[in-house]
Amino acid sequence: MRHLRHRLPGVVALAAAATAACMRPVSGPAAGAGPPAPAGEWPAYGHDPLGSRFSPLTQINRENVARLTLAWTYRTGEAGVHTQQPAKFEATPLMVDATLYLSTPFGRAIALDPATGRERWSYDAHPNRGGNWGDFANRGVSTWLDQAAPLGTPCRRRIFLPTVDARIIALDAGTGRPCRAFGDSGTVYLTRGLRNPPFEAEEYALTSPPAVIHGLIVTGSAVADNNRTNAASGEVRAYDARSGALRWSWDPVPRDSADPAWRTWRGPMAHTTGAANVWSVIAVDSARDLVFLPTTSPSPDYFGGERNGDNRYANSVVALRASTGSVVWHFQTVHHDLWDYDNAAPPALVTLVRDGRAVDVVLQATKTGQLFVLDRDSGTPIFPVAERPVPRTTLIGEHPSPTQPVNSVIPALSLQALSLDSVWGLTPADREACLAQIRPLRNEGVFTPPSLEGTLVIPSNVGGAHWGGLAYDPQRQVAVVPVNRFASMVQLIPLDQIDTAEARRNESRLGDQYTRMHGTPYVMRRRFLKSPSSLPCSPPPWGSLVAINLTTGARAWDVPLGDPATLRPDLAAVSRPKPLGTLNLGGPIVTAGGLVFIGASIEHVLRAFDVETGRELWHGALPGGARATPMTYQVTPEGRQFLVVAVGGSEDWGEGDYVVAFALAP
């Protein structure tokens, strides 16, 4: 069993080389979200429960960012720990009550002094480190303040630790001790009560922090891709933040024939389909009592013959009533997904000003390279979205959607096609090798369905936009999104034409990847398209940071993210004057100082860009790659502003167990 959602076959060499809307007045960017956090804190994964990733801090700004220097470094002590799958340190720390809180992929929660990086406490959940977890990752913790509890009461402030083995543990924020009144002696076990239980423990995991709203914690799950049609089910559930009692459960595969989405799942096995889960970060709007879910592909990813129809609620932004778990609206970003086009990026709840009126919206960036802007109350697109005809399939039993949703005004964030004329190579021989791979493939642009002869997939399963998501500047109405620009090949091989076990034994980590999709008549084969020089066959830049002006919907700027010449000296000549960009995973933040901060690329660098122009203003050296989203805080109004990032994303980002803080020199 392998989890394919984040596994990057062939990327190690490739990346190292490429290294009618409801309008109403509002008071600010966080309108409708409840009371704002103190300006200097970072109390949620996306800075606030809305997921805007905007900090109002201005001590570090465009004029002085070049003076940023290393302030402190903390090490978790987990570098080099052996696991079957690489462990990915993707956490974004929180800063509340003058304490920094973070978590590690190995199930540890840690509290640090935010000014010095000194450890205050550490708790170890002891997950099974030897398990074959396909996505051995952790993106951070959540926190909740029990305002009904008297000051000084244990567990008045709680830290919720998600673990890879699908537990949520409530810890006292001051001591790190479990809150014994929560769940079973401090723990909720998510594998209990699922419609489709996992066939083995590693099929079902938890990699992102739960959302917190109205005394509830709302959580999704990470379900292994491509193993079987009836994979573990992807229920989203809400638990009482104080007691751990289950309050509601919502299944993205409709269970009630009265549900309007029921008829969009056709076939005798359709309603036993698994996945369509939420493995990314959930956004909430407490004033509206709404929870916003980025759902993923149903199982399995690349063949939908047992789940025909649009598969509504999967691959969607779904707004649920937080108090009940009932569906308020949904917007599907991909119909009947056949390409692993999960909604990997967290939704961002922001406010736009249009025609002099403020409009609360949801921003959803997708692996297909789209940025959808949806009215927060209804899900209606604010910028027009059209249903465009897409290629048909030649597979018996498969019935793709004849159309897919595409923006009419906002431009695509990444490549939507790769013509033979645009195939790239470092040398004529490289280009010819790429052409030889691509000529036999079905190649009709985005949404070309998987095929027996092989299909060129662009964007690939790592995007377009990816789980790093976006950041929003409310002052300039600009959304900033990191994207990848790679092409891959996907082929479906009939079972009687392949020895799966033999293919897997011969599988190269730099070449083809094979997966038996149980319940279908096929084995899935895929790889990234690259030349003998281990460079992508798609034209550079291979990684970019894209800014969209949400006043007009136009692209504000688009700059390469990363410079592979720092990893491959032989690329120096072609990497100037414009860098080629590298593979990137991890998100940006924006500050009122006019800055965008992002690591994400496979280089050992944290960068600052001018939010208005995209010009790089600063970069700081890191001890490894930062496959995580940074954060910023100020402990006291008169104190220093710190910029912090987790380092050690594994795979192309290298091993590491660092938390690194920068600040202006005193």
# chains A, B, ... in the order shown; residues from 1 in each chain; ligands from 1
$ residues_around --residues "region 458-464 of chain A" --least-positions-apart "6" --cutoff "10 Å" --atoms "only C-alpha atoms" --output "PyMOL selection string"
chain A and resi 4-8+339-342+344+365-370+412-418+443-448+481-490+527-529+538+543-544+583-585
$ select_by_dssp --residues "region 357-576 of chain A" --states "alpha helix (DSSP H)" --output "mmCIF file with N, CA and C atoms, in the first residue's frame"
data_model
loop_
_atom_site.group_PDB
_atom_site.id
_atom_site.type_symbol
_atom_site.label_atom_id
_atom_site.label_comp_id
_atom_site.auth_asym_id
_atom_site.auth_seq_id
_atom_site.Cartn_x
_atom_site.Cartn_y
_atom_site.Cartn_z
ATOM 1 N N PRO A 428 19.615 20.085 -27.822
ATOM 2 C CA PRO A 428 18.778 19.459 -28.859
ATOM 3 C C PRO A 428 18.481 17.989 -28.564
ATOM 4 N N ALA A 429 19.450 17.271 -28.015
ATOM 5 C CA ALA A 429 19.226 15.855 -27.689
ATOM 6 C C ALA A 429 18.193 15.717 -26.579
ATOM 7 N N ASP A 430 18.264 16.597 -25.589
ATOM 8 C CA ASP A 430 17.272 16.564 -24.513
ATOM 9 C C ASP A 430 15.873 16.823 -25.063
ATOM 10 N N ARG A 431 15.752 17.812 -25.913
ATOM 11 C CA ARG A 431 14.440 18.151 -26.452
ATOM 12 C C ARG A 431 13.896 17.004 -27.296
ATOM 13 N N GLU A 432 14.745 16.382 -28.066
ATOM 14 C CA GLU A 432 14.289 15.267 -28.888
ATOM 15 C C GLU A 432 13.855 14.083 -28.012
ATOM 16 N N ALA A 433 14.544 13.864 -26.910
ATOM 17 C CA ALA A 433 14.150 12.795 -25.982
ATOM 18 C C ALA A 433 12.787 13.100 -25.367
ATOM 19 N N CYS A 434 12.527 14.363 -25.060
ATOM 20 C CA CYS A 434 11.216 14.749 -24.537
ATOM 21 C C CYS A 434 10.134 14.555 -25.593
ATOM 22 N N LEU A 435 10.431 14.976 -26.814
ATOM 23 C CA LEU A 435 9.461 14.797 -27.895
ATOM 24 C C LEU A 435 9.141 13.324 -28.119
ATOM 25 N N ALA A 436 10.142 12.474 -28.011
ATOM 26 C CA ALA A 436 9.920 11.042 -28.199
ATOM 27 C C ALA A 436 8.973 10.488 -27.140
ATOM 28 N N GLN A 437 9.022 11.019 -25.929
ATOM 29 C CA GLN A 437 8.099 10.587 -24.877
ATOM 30 C C GLN A 437 6.693 11.118 -25.102
ATOM 31 N N ILE A 438 6.594 12.334 -25.627
ATOM 32 C CA ILE A 438 5.313 13.034 -25.674
ATOM 33 C C ILE A 438 4.511 12.710 -26.928
ATOM 34 N N THR A 500 1.995 -6.832 -11.867
ATOM 35 C CA THR A 500 2.133 -5.659 -11.009
ATOM 36 C C THR A 500 3.282 -5.812 -10.032
ATOM 37 N N ALA A 501 3.399 -6.984 -9.458
ATOM 38 C CA ALA A 501 4.462 -7.184 -8.469
ATOM 39 C C ALA A 501 5.838 -7.005 -9.104
ATOM 40 N N GLU A 502 5.998 -7.546 -10.308
ATOM 41 C CA GLU A 502 7.285 -7.414 -10.987
ATOM 42 C C GLU A 502 7.551 -5.958 -11.358
ATOM 43 N N ALA A 503 6.507 -5.257 -11.823
ATOM 44 C CA ALA A 503 6.674 -3.848 -12.171
ATOM 45 C C ALA A 503 7.074 -3.031 -10.951
ATOM 46 N N ARG A 504 6.467 -3.338 -9.805
ATOM 47 C CA ARG A 504 6.798 -2.595 -8.592
ATOM 48 C C ARG A 504 8.215 -2.899 -8.123
ATOM 49 N N ARG A 505 8.652 -4.148 -8.305
ATOM 50 C CA ARG A 505 10.026 -4.488 -7.913
ATOM 51 C C ARG A 505 11.036 -3.725 -8.756
#
$ atom_distance --atom1 "CA of Asp337 (chain A)" --atom2 "CA of Glu90 (chain A)"
26.5 Å
$ atom_distance --atom1 "CA of Ile498 (chain A)" --atom2 "CA of Ser233 (chain A)"
29.0 Å
$ residues_around --residues "Ala345 (chain A)" --least-positions-apart "5" --cutoff "6 Å" --atoms "only C-alpha atoms" --output "list in words"
His466, Trp467, Gly468 and Gly469 of chain A
$ closest_residue --among "A:Ala224, A:Ala91, A:Leu492, A:Ala608" --to "Ala44 (chain A)" --atoms "only C-alpha atoms"
A:Ala91
$ closest_residue --among "A:Leu550, A:Met517, A:Ala628, A:Met524" --to "Ile410 (chain A)" --atoms "only C-alpha atoms"
A:Leu550
$ residues_around --residues "Asp473 (chain A)" --least-positions-apart "2" --cutoff "9 Å" --atoms "only C-alpha atoms" --output "ChimeraX atom specification"
/A:52-54,471,475-480,590-592,594,611
$ select_by_dssp --residues "region 426-591 of chain A" --states "strand (DSSP E)" --output "ChimeraX atom specification"
/A:455-457,471-473,478-484,488-494,513-516,522-528,543-549,555-560,588-591
$ residues_around --residues "Arg555 (chain A)" --least-positions-apart "4" --cutoff "8 Å" --atoms "only C-alpha atoms" --output "compact mmCIF listing (two decimals) with N, CA, C and O atoms, in the first residue's frame"
# COMPACT_ATOMS: atom_id res chain seq x y z
N ILE A 410 -10.38 35.70 -14.74
CA ILE A 410 -9.10 35.47 -14.05
C ILE A 410 -8.27 34.50 -14.88
O ILE A 410 -8.72 33.40 -15.20
N PRO A 411 -7.04 34.88 -15.24
CA PRO A 411 -6.22 33.99 -16.06
C PRO A 411 -5.77 32.77 -15.29
O PRO A 411 -5.69 32.78 -14.06
N VAL A 546 2.68 33.82 -8.28
CA VAL A 546 1.76 34.57 -9.13
C VAL A 546 0.86 35.44 -8.26
O VAL A 546 0.30 34.97 -7.26
N ALA A 547 0.71 36.70 -8.66
CA ALA A 547 -0.18 37.62 -7.95
C ALA A 547 -1.35 37.98 -8.86
O ALA A 547 -1.16 38.35 -10.02
N ILE A 548 -2.57 37.88 -8.31
CA ILE A 548 -3.78 38.22 -9.05
C ILE A 548 -4.44 39.43 -8.38
O ILE A 548 -4.69 39.44 -7.17
N ASN A 549 -4.71 40.46 -9.18
CA ASN A 549 -5.42 41.65 -8.71
C ASN A 549 -6.91 41.34 -8.68
O ASN A 549 -7.54 41.18 -9.73
$ closest_residue --among "A:Leu68, A:Leu495, A:Ala166, A:Ile159" --to "Ile110 (chain A)" --atoms "only C-alpha atoms"
A:Ile159
$ atom_distance --atom1 "CA of Ser531 (chain A)" --atom2 "CA of Glu655 (chain A)"
26.5 Å
$ closest_residue --among "A:Val390, A:Leu50, A:Leu100, A:Val362" --to "Val635 (chain A)" --atoms "only C-alpha atoms"
A:Leu100
$ residues_around --residues "Trp653 (chain A)" --least-positions-apart "4" --cutoff "7 Å" --atoms "only C-alpha atoms" --output "list in words"
Ile602, Gly624, Gly625, Ala626, Arg627, Gly648 and Gly649 of chain A
$ residues_around --residues "Arg576 (chain A)" --least-positions-apart "4" --cutoff "10 Å" --atoms "only C-alpha atoms" --output "ChimeraX atom specification"
/A:563,565,571-572,580
$ write_last_selection --atoms "N, CA, C and O atoms" --output "JSON list (two decimals), in the first residue's frame"
[["chain", "number", "residue", "atom", "x", "y", "z"],
["A", 563, "ASP", "N", 15.82, 29.18, -7.96],
["A", 563, "ASP", "CA", 16.84, 29.23, -9.01],
["A", 563, "ASP", "C", 17.62, 27.91, -9.00],
["A", 563, "ASP", "O", 18.46, 27.68, -8.12],
["A", 565, "ALA", "N", 20.00, 27.00, -10.67],
["A", 565, "ALA", "CA", 21.44, 27.17, -10.88],
["A", 565, "ALA", "C", 22.21, 27.08, -9.57],
["A", 565, "ALA", "O", 23.41, 26.78, -9.57],
["A", 571, "LEU", "N", 23.60, 25.00, -15.12],
["A", 571, "LEU", "CA", 22.43, 25.75, -15.56],
["A", 571, "LEU", "C", 22.60, 27.25, -15.44],
["A", 571, "LEU", "O", 21.68, 28.01, -15.77],
["A", 572, "ALA", "N", 23.75, 27.70, -14.96],
["A", 572, "ALA", "CA", 23.94, 29.13, -14.70],
["A", 572, "ALA", "C", 23.68, 29.96, -15.95],
["A", 572, "ALA", "O", 23.06, 31.03, -15.88],
["A", 580, "LEU", "N", 15.08, 29.92, -13.54],
["A", 580, "LEU", "CA", 14.21, 28.91, -14.14],
["A", 580, "LEU", "C", 13.09, 28.46, -13.22],
["A", 580, "LEU", "O", 12.15, 27.81, -13.66]]
$ closest_residue --among "A:Glu78, A:Asp172, A:Glu398, A:Asp499" --to "Tyr658 (chain A)" --atoms "only C-alpha atoms"
A:Glu78
